[in-house]
Amino acid sequence: MIHAPDPVTRAGLVSFLENDRRVVELSADEPYEADVMVVAMDTVDGEALDLLPTLCDRPEARFVLVVGRQWLANISMAVDQGVRAVLWRDSFTPQAFIRTLLTVASGGGSFPPALQGTLLEQVQWTHREILTPRGLNASGVTPREVDVLRLVAEGQELSEIARKLSYSERTVKYVLYGLMKRMQLRNRAHAVSYAIRSGII
């Protein structure tokens, strides 16, 4: 779905889709059906980001922003709002547009190098200043929980895990219970599956 306040910009974006059968534009009354929401705006700031949930408040909405002038918003906040790609209008090509739409539709993302650098700096700061002092990593799992999960995944019994980590068996149970409760996991197998899918172990 395409949202552009300027009808000329909108018409241009729509025209780029007409020769590619892999992409179909949906009408404005079908926002929940769209895999990707394209939004054209001159300047991206906090107010512009606040507009995005009004276009589609679906939690998993994926936005591609076509930006005309400048970026003034916090990039992490943009990602939180569902922004998965940014294209500058001055370097815009139909091929890049289609490629970006397909990338985002398949779960990927695409940001200009300067925004990528800013995002990585923000992630690094969050890790260093907020997570590490609390004994957490980006997944929200503590190093002790990772050690226990790794041994559970290897098929170790609780008594063996306790011996290898120099914990009591009760502590191992407490670590697993705390993790499963916090992450809303049903059992140990679910916890291991979650850890593997998330790249924790």
# chains A, B, ... in the order shown; residues from 1 in each chain; ligands from 1
$ residues_around --residues "region 117-129 of chain A" --least-positions-apart "3" --cutoff "6 Å" --atoms "only C-alpha atoms" --output "MDAnalysis selection string"
chainID A and resid 75 114 132
$ select_by_dssp --residues "region 122-188 of chain A" --states "alpha helix (DSSP H)" --output "count of residues only"
40
$ residues_around --residues "Leu65 (chain A)" --least-positions-apart "2" --cutoff "6 Å" --atoms "only C-alpha atoms" --output "short mmCIF file (atom, residue, chain, number, x, y, z; two decimals) with N, CA and C atoms, in the first residue's frame"
data_model
loop_
_atom_site.label_atom_id
_atom_site.label_comp_id
_atom_site.auth_asym_id
_atom_site.auth_seq_id
_atom_site.Cartn_x
_atom_site.Cartn_y
_atom_site.Cartn_z
N VAL A 38 4.28 1.64 1.99
CA VAL A 38 5.22 2.64 1.49
C VAL A 38 4.70 4.01 1.87
N VAL A 39 5.54 4.81 2.51
CA VAL A 39 5.13 6.15 2.93
C VAL A 39 6.16 7.14 2.42
N ALA A 40 5.71 8.11 1.63
CA ALA A 40 6.59 9.15 1.12
C ALA A 40 6.45 10.39 2.00
N VAL A 67 12.15 9.20 1.49
CA VAL A 67 12.41 10.47 2.18
C VAL A 67 12.99 11.50 1.22
N VAL A 86 14.60 2.55 4.25
CA VAL A 86 14.56 3.97 3.92
C VAL A 86 15.22 4.16 2.57
#
$ residues_around --residues "Leu158 (chain A)" --least-positions-apart "6" --cutoff "8 Å" --atoms "only C-alpha atoms" --output "JSON, numbers by chain"
{"A": [152, 169, 172, 173]}
$ write_last_selection --atoms "all heavy atoms" --output "short mmCIF file (atom, residue, chain, number, x, y, z; two decimals), in the first residue's frame"
data_model
loop_
_atom_site.label_atom_id
_atom_site.label_comp_id
_atom_site.auth_asym_id
_atom_site.auth_seq_id
_atom_site.Cartn_x
_atom_site.Cartn_y
_atom_site.Cartn_z
N VAL A 152 21.23 -28.03 28.94
CA VAL A 152 19.93 -28.71 28.76
C VAL A 152 19.82 -29.18 27.31
O VAL A 152 19.38 -30.30 27.03
CB VAL A 152 18.75 -27.78 29.13
CG1 VAL A 152 17.43 -28.40 28.69
CG2 VAL A 152 18.73 -27.50 30.63
N GLU A 169 21.29 -28.13 42.63
CA GLU A 169 20.25 -28.53 41.69
C GLU A 169 19.05 -27.58 41.81
O GLU A 169 18.39 -27.27 40.82
CB GLU A 169 19.83 -29.97 41.97
CG GLU A 169 19.06 -30.60 40.83
CD GLU A 169 18.88 -32.09 41.01
OE1 GLU A 169 19.77 -32.74 41.61
OE2 GLU A 169 17.84 -32.60 40.56
N VAL A 172 19.65 -24.50 39.69
CA VAL A 172 19.43 -24.77 38.27
C VAL A 172 17.94 -24.73 37.96
O VAL A 172 17.51 -24.14 36.96
CB VAL A 172 20.04 -26.13 37.87
CG1 VAL A 172 19.67 -26.48 36.43
CG2 VAL A 172 21.56 -26.10 38.02
N LYS A 173 17.12 -25.36 38.82
CA LYS A 173 15.67 -25.34 38.62
C LYS A 173 15.14 -23.91 38.68
O LYS A 173 14.28 -23.52 37.89
CB LYS A 173 14.97 -26.19 39.70
CG LYS A 173 15.16 -27.67 39.53
CD LYS A 173 14.44 -28.41 40.65
CE LYS A 173 14.66 -29.91 40.53
NZ LYS A 173 14.06 -30.64 41.67
#
$ closest_residue --among "A:Ser91, A:Thr43, A:Ser159, A:Ser27" --to "Trp71 (chain A)" --atoms "only C-alpha atoms"
A:Thr43
$ atom_distance --atom1 "CA of Gly12 (chain A)" --atom2 "CA of Pro94 (chain A)"
9.7 Å
$ atom_distance --atom1 "CA of Arg89 (chain A)" --atom2 "CA of Gly68 (chain A)"
5.0 Å
$ closest_residue --among "A:Asp90, A:Glu154, A:Glu25, A:Asp42" --to "Pro5 (chain A)" --atoms "only C-alpha atoms"
A:Asp42
$ residues_around --residues "region 135-140 of chain A" --least-positions-apart "2" --cutoff "12 Å" --atoms "only C-alpha atoms" --output "list in words"
Val123, Gln124, Trp125, Thr126, His127, Arg128, Glu129, Ile130, Leu131, Thr132, Pro133, Thr142, Pro143, Arg144, Glu145, Val146, Leu179, Arg182, Met183, Tyr194, Ala195, Ile196, Arg197, Ser198, Gly199, Ile200 and Ile201 of chain A
$ select_by_dssp --residues "chain A" --states "strand (DSSP E or B)" --output "PyMOL selection string"
chain A and resi 2-3+37-44+63-71+83-88+110
$ write_last_selection --atoms "C-alpha atoms" --output "compact mmCIF listing (two decimals), in the first residue's frame"
# COMPACT_ATOMS: atom_id res chain seq x y z
CA ILE A 2 1.29 3.49 -0.85
CA HIS A 3 0.70 6.63 1.18
CA MET A 37 3.39 0.03 3.60
CA VAL A 38 5.22 2.64 1.49
CA VAL A 39 5.13 6.15 2.93
CA ALA A 40 6.59 9.15 1.12
CA MET A 41 7.54 12.18 3.24
CA ASP A 42 9.86 15.14 2.87
CA THR A 43 11.28 15.14 6.40
CA VAL A 44 11.27 12.34 8.95
CA PHE A 63 7.12 0.40 6.49
CA VAL A 64 9.35 1.58 3.64
CA LEU A 65 9.94 5.33 3.85
CA VAL A 66 10.76 7.35 0.75
CA VAL A 67 12.41 10.47 2.18
CA GLY A 68 12.80 13.74 0.30
CA ARG A 69 14.86 16.11 2.41
CA GLN A 70 16.23 15.08 5.77
CA TRP A 71 16.16 12.60 8.63
CA VAL A 83 10.27 1.09 9.64
CA ARG A 84 12.23 -1.59 7.80
CA ALA A 85 13.75 0.41 4.95
CA VAL A 86 14.56 3.97 3.92
CA LEU A 87 15.09 5.24 0.37
CA TRP A 88 16.37 8.76 -0.35
CA SER A 110 17.48 -1.83 3.95
$ residues_around --residues "Phe16 (chain A)" --least-positions-apart "5" --cutoff "9 Å" --atoms "only C-alpha atoms" --output "PyMOL selection string"
chain A and resi 11+94-95+97-98
$ residues_around --residues "Pro53 (chain A)" --least-positions-apart "3" --cutoff "12 Å" --atoms "only C-alpha atoms" --output "PDB file with C-alpha atoms, in the first residue's frame"
ATOM      1  CA  PRO A  31      -4.101  -1.829   5.050  1.00  0.00           C
ATOM      2  CA  TYR A  32      -4.229  -5.065   7.033  1.00  0.00           C
ATOM      3  CA  MET A  37       3.392   0.032   3.596  1.00  0.00           C
ATOM      4  CA  VAL A  39       5.134   6.150   2.932  1.00  0.00           C
ATOM      5  CA  GLU A  47       5.815  13.862  14.350  1.00  0.00           C
ATOM      6  CA  ALA A  48       6.210  11.988  11.054  1.00  0.00           C
ATOM      7  CA  LEU A  49       6.855   8.732  12.928  1.00  0.00           C
ATOM      8  CA  ASP A  50       3.684   9.285  14.970  1.00  0.00           C
ATOM      9  CA  CYS A  56      -1.721   0.778   9.877  1.00  0.00           C
ATOM     10  CA  ASP A  57      -1.790  -0.088  13.575  1.00  0.00           C
ATOM     11  CA  ARG A  58      -1.052  -3.769  12.954  1.00  0.00           C
ATOM     12  CA  PRO A  59       1.867  -4.681  15.300  1.00  0.00           C
ATOM     13  CA  GLU A  60       3.831  -6.420  12.548  1.00  0.00           C
ATOM     14  CA  ALA A  61       3.358  -3.657   9.956  1.00  0.00           C
ATOM     15  CA  ARG A  62       6.478  -3.087   7.813  1.00  0.00           C
ATOM     16  CA  PHE A  63       7.116   0.404   6.485  1.00  0.00           C
ATOM     17  CA  ALA A  78      11.633   4.437  13.726  1.00  0.00           C
ATOM     18  CA  ASP A  80      10.155   0.353  16.873  1.00  0.00           C
ATOM     19  CA  GLN A  81       7.372   1.884  14.749  1.00  0.00           C
ATOM     20  CA  GLY A  82       7.929  -0.734  12.040  1.00  0.00           C
ATOM     21  CA  VAL A  83      10.273   1.093   9.641  1.00  0.00           C
TER      22      VAL A  83
END
$ closest_residue --among "A:Ser166, A:Thr103, A:Met1, A:Val175" --to "Glu33 (chain A)" --atoms "only C-alpha atoms"
A:Met1
$ decode --residues "region 78-112 of chain A" --atoms "N, CA, C and O atoms" --output "PDB file, in the first residue's frame"
ATOM      1  N   ALA A  78      12.209   4.745  15.032  1.00  0.00           N
ATOM      2  CA  ALA A  78      11.633   4.437  13.726  1.00  0.00           C
ATOM      3  C   ALA A  78      11.497   2.925  13.558  1.00  0.00           C
ATOM      4  O   ALA A  78      10.461   2.428  13.102  1.00  0.00           O
ATOM      5  N   VAL A  79      12.529   2.195  13.945  1.00  0.00           N
ATOM      6  CA  VAL A  79      12.470   0.729  13.856  1.00  0.00           C
ATOM      7  C   VAL A  79      11.368   0.194  14.760  1.00  0.00           C
ATOM      8  O   VAL A  79      10.623  -0.715  14.380  1.00  0.00           O
ATOM      9  N   ASP A  80      11.234   0.765  15.963  1.00  0.00           N
ATOM     10  CA  ASP A  80      10.155   0.353  16.873  1.00  0.00           C
ATOM     11  C   ASP A  80       8.778   0.573  16.248  1.00  0.00           C
ATOM     12  O   ASP A  80       7.839  -0.171  16.528  1.00  0.00           O
ATOM     13  N   GLN A  81       8.651   1.589  15.407  1.00  0.00           N
ATOM     14  CA  GLN A  81       7.372   1.884  14.749  1.00  0.00           C
ATOM     15  C   GLN A  81       7.140   1.006  13.521  1.00  0.00           C
ATOM     16  O   GLN A  81       6.099   1.098  12.885  1.00  0.00           O
ATOM     17  N   GLY A  82       8.109   0.175  13.170  1.00  0.00           N
ATOM     18  CA  GLY A  82       7.929  -0.734  12.040  1.00  0.00           C
ATOM     19  C   GLY A  82       8.674  -0.348  10.781  1.00  0.00           C
ATOM     20  O   GLY A  82       8.516  -1.000   9.743  1.00  0.00           O
ATOM     21  N   VAL A  83       9.504   0.704  10.836  1.00  0.00           N
ATOM     22  CA  VAL A  83      10.273   1.093   9.641  1.00  0.00           C
ATOM     23  C   VAL A  83      11.327   0.021   9.378  1.00  0.00           C
ATOM     24  O   VAL A  83      12.140  -0.298  10.248  1.00  0.00           O
ATOM     25  N   ARG A  84      11.299  -0.532   8.173  1.00  0.00           N
ATOM     26  CA  ARG A  84      12.234  -1.588   7.798  1.00  0.00           C
ATOM     27  C   ARG A  84      13.163  -1.178   6.664  1.00  0.00           C
ATOM     28  O   ARG A  84      14.134  -1.872   6.373  1.00  0.00           O
ATOM     29  N   ALA A  85      12.869  -0.047   6.029  1.00  0.00           N
ATOM     30  CA  ALA A  85      13.745   0.412   4.948  1.00  0.00           C
ATOM     31  C   ALA A  85      13.535   1.903   4.723  1.00  0.00           C
ATOM     32  O   ALA A  85      12.450   2.431   4.965  1.00  0.00           O
ATOM     33  N   VAL A  86      14.603   2.549   4.252  1.00  0.00           N
ATOM     34  CA  VAL A  86      14.557   3.970   3.923  1.00  0.00           C
ATOM     35  C   VAL A  86      15.220   4.157   2.566  1.00  0.00           C
ATOM     36  O   VAL A  86      16.318   3.634   2.317  1.00  0.00           O
ATOM     37  N   LEU A  87      14.534   4.888   1.679  1.00  0.00           N
ATOM     38  CA  LEU A  87      15.088   5.243   0.371  1.00  0.00           C
ATOM     39  C   LEU A  87      15.122   6.760   0.264  1.00  0.00           C
ATOM     40  O   LEU A  87      14.113   7.420   0.533  1.00  0.00           O
ATOM     41  N   TRP A  88      16.277   7.325  -0.115  1.00  0.00           N
ATOM     42  CA  TRP A  88      16.366   8.759  -0.347  1.00  0.00           C
ATOM     43  C   TRP A  88      15.804   9.058  -1.732  1.00  0.00           C
ATOM     44  O   TRP A  88      16.130   8.364  -2.701  1.00  0.00           O
ATOM     45  N   ARG A  89      14.999  10.079  -1.835  1.00  0.00           N
ATOM     46  CA  ARG A  89      14.385  10.416  -3.113  1.00  0.00           C
ATOM     47  C   ARG A  89      15.418  10.833  -4.155  1.00  0.00           C
ATOM     48  O   ARG A  89      15.276  10.542  -5.336  1.00  0.00           O
ATOM     49  N   ASP A  90      16.500  11.497  -3.718  1.00  0.00           N
ATOM     50  CA  ASP A  90      17.482  11.988  -4.693  1.00  0.00           C
ATOM     51  C   ASP A  90      18.332  10.877  -5.302  1.00  0.00           C
ATOM     52  O   ASP A  90      18.988  11.077  -6.326  1.00  0.00           O
ATOM     53  N   SER A  91      18.328   9.681  -4.703  1.00  0.00           N
ATOM     54  CA  SER A  91      19.073   8.558  -5.292  1.00  0.00           C
ATOM     55  C   SER A  91      18.132   7.392  -5.616  1.00  0.00           C
ATOM     56  O   SER A  91      18.563   6.258  -5.774  1.00  0.00           O
ATOM     57  N   PHE A  92      16.867   7.722  -5.758  1.00  0.00           N
ATOM     58  CA  PHE A  92      15.814   6.726  -5.967  1.00  0.00           C
ATOM     59  C   PHE A  92      15.837   6.198  -7.400  1.00  0.00           C
ATOM     60  O   PHE A  92      15.961   6.960  -8.348  1.00  0.00           O
ATOM     61  N   THR A  93      15.720   4.877  -7.545  1.00  0.00           N
ATOM     62  CA  THR A  93      15.544   4.277  -8.868  1.00  0.00           C
ATOM     63  C   THR A  93      14.406   3.260  -8.783  1.00  0.00           C
ATOM     64  O   THR A  93      14.176   2.682  -7.713  1.00  0.00           O
ATOM     65  N   PRO A  94      13.699   3.028  -9.881  1.00  0.00           N
ATOM     66  CA  PRO A  94      12.635   2.011  -9.862  1.00  0.00           C
ATOM     67  C   PRO A  94      13.156   0.635  -9.459  1.00  0.00           C
ATOM     68  O   PRO A  94      12.494  -0.093  -8.721  1.00  0.00           O
ATOM     69  N   GLN A  95      14.356   0.285  -9.905  1.00  0.00           N
ATOM     70  CA  GLN A  95      14.923  -1.018  -9.582  1.00  0.00           C
ATOM     71  C   GLN A  95      15.182  -1.147  -8.078  1.00  0.00           C
ATOM     72  O   GLN A  95      14.876  -2.176  -7.464  1.00  0.00           O
ATOM     73  N   ALA A  96      15.739  -0.089  -7.483  1.00  0.00           N
ATOM     74  CA  ALA A  96      16.000  -0.109  -6.040  1.00  0.00           C
ATOM     75  C   ALA A  96      14.693  -0.170  -5.262  1.00  0.00           C
ATOM     76  O   ALA A  96      14.606  -0.834  -4.220  1.00  0.00           O
ATOM     77  N   PHE A  97      13.663   0.516  -5.745  1.00  0.00           N
ATOM     78  CA  PHE A  97      12.358   0.523  -5.098  1.00  0.00           C
ATOM     79  C   PHE A  97      11.774  -0.895  -5.057  1.00  0.00           C
ATOM     80  O   PHE A  97      11.392  -1.395  -3.992  1.00  0.00           O
ATOM     81  N   ILE A  98      11.731  -1.546  -6.212  1.00  0.00           N
ATOM     82  CA  ILE A  98      11.192  -2.911  -6.274  1.00  0.00           C
ATOM     83  C   ILE A  98      12.020  -3.858  -5.421  1.00  0.00           C
ATOM     84  O   ILE A  98      11.483  -4.673  -4.656  1.00  0.00           O
ATOM     85  N   ARG A  99      13.334  -3.750  -5.529  1.00  0.00           N
ATOM     86  CA  ARG A  99      14.221  -4.619  -4.749  1.00  0.00           C
ATOM     87  C   ARG A  99      13.976  -4.439  -3.251  1.00  0.00           C
ATOM     88  O   ARG A  99      13.899  -5.415  -2.489  1.00  0.00           O
ATOM     89  N   THR A 100      13.800  -3.198  -2.819  1.00  0.00           N
ATOM     90  CA  THR A 100      13.556  -2.916  -1.404  1.00  0.00           C
ATOM     91  C   THR A 100      12.211  -3.471  -0.958  1.00  0.00           C
ATOM     92  O   THR A 100      12.100  -4.055   0.126  1.00  0.00           O
ATOM     93  N   LEU A 101      11.176  -3.298  -1.772  1.00  0.00           N
ATOM     94  CA  LEU A 101       9.859  -3.837  -1.425  1.00  0.00           C
ATOM     95  C   LEU A 101       9.915  -5.350  -1.236  1.00  0.00           C
ATOM     96  O   LEU A 101       9.360  -5.891  -0.268  1.00  0.00           O
ATOM     97  N   LEU A 102      10.580  -6.038  -2.148  1.00  0.00           N
ATOM     98  CA  LEU A 102      10.678  -7.499  -2.060  1.00  0.00           C
ATOM     99  C   LEU A 102      11.506  -7.924  -0.847  1.00  0.00           C
ATOM    100  O   LEU A 102      11.177  -8.897  -0.158  1.00  0.00           O
ATOM    101  N   THR A 103      12.571  -7.173  -0.561  1.00  0.00           N
ATOM    102  CA  THR A 103      13.406  -7.475   0.603  1.00  0.00           C
ATOM    103  C   THR A 103      12.601  -7.345   1.889  1.00  0.00           C
ATOM    104  O   THR A 103      12.632  -8.221   2.762  1.00  0.00           O
ATOM    105  N   VAL A 104      11.870  -6.244   2.027  1.00  0.00           N
ATOM    106  CA  VAL A 104      11.088  -5.999   3.242  1.00  0.00           C
ATOM    107  C   VAL A 104       9.933  -6.997   3.359  1.00  0.00           C
ATOM    108  O   VAL A 104       9.649  -7.511   4.445  1.00  0.00           O
ATOM    109  N   ALA A 105       9.280  -7.308   2.249  1.00  0.00           N
ATOM    110  CA  ALA A 105       8.175  -8.270   2.261  1.00  0.00           C
ATOM    111  C   ALA A 105       8.635  -9.644   2.727  1.00  0.00           C
ATOM    112  O   ALA A 105       7.877 -10.387   3.352  1.00  0.00           O
ATOM    113  N   SER A 106       9.895  -9.977   2.443  1.00  0.00           N
ATOM    114  CA  SER A 106      10.411 -11.284   2.847  1.00  0.00           C
ATOM    115  C   SER A 106      11.055 -11.262   4.229  1.00  0.00           C
ATOM    116  O   SER A 106      11.691 -12.233   4.638  1.00  0.00           O
ATOM    117  N   GLY A 107      10.905 -10.137   4.960  1.00  0.00           N
ATOM    118  CA  GLY A 107      11.404 -10.066   6.328  1.00  0.00           C
ATOM    119  C   GLY A 107      12.725  -9.348   6.497  1.00  0.00           C
ATOM    120  O   GLY A 107      13.242  -9.248   7.610  1.00  0.00           O
ATOM    121  N   GLY A 108      13.294  -8.831   5.411  1.00  0.00           N
ATOM    122  CA  GLY A 108      14.574  -8.135   5.493  1.00  0.00           C
ATOM    123  C   GLY A 108      14.414  -6.643   5.730  1.00  0.00           C
ATOM    124  O   GLY A 108      13.318  -6.145   6.005  1.00  0.00           O
ATOM    125  N   GLY A 109      15.512  -5.934   5.618  1.00  0.00           N
ATOM    126  CA  GLY A 109      15.511  -4.489   5.801  1.00  0.00           C
ATOM    127  C   GLY A 109      16.578  -3.855   4.929  1.00  0.00           C
ATOM    128  O   GLY A 109      17.465  -4.544   4.419  1.00  0.00           O
ATOM    129  N   SER A 110      16.501  -2.536   4.772  1.00  0.00           N
ATOM    130  CA  SER A 110      17.479  -1.827   3.949  1.00  0.00           C
ATOM    131  C   SER A 110      17.520  -0.366   4.381  1.00  0.00           C
ATOM    132  O   SER A 110      16.535   0.353   4.236  1.00  0.00           O
ATOM    133  N   PHE A 111      18.676   0.038   4.904  1.00  0.00           N
ATOM    134  CA  PHE A 111      18.857   1.419   5.344  1.00  0.00           C
ATOM    135  C   PHE A 111      20.094   2.010   4.689  1.00  0.00           C
ATOM    136  O   PHE A 111      21.079   1.295   4.473  1.00  0.00           O
ATOM    137  N   PRO A 112      20.073   3.310   4.400  1.00  0.00           N
ATOM    138  CA  PRO A 112      21.284   3.961   3.890  1.00  0.00           C
ATOM    139  C   PRO A 112      22.423   3.813   4.904  1.00  0.00           C
ATOM    140  O   PRO A 112      22.170   3.723   6.121  1.00  0.00           O
TER     141      PRO A 112
END
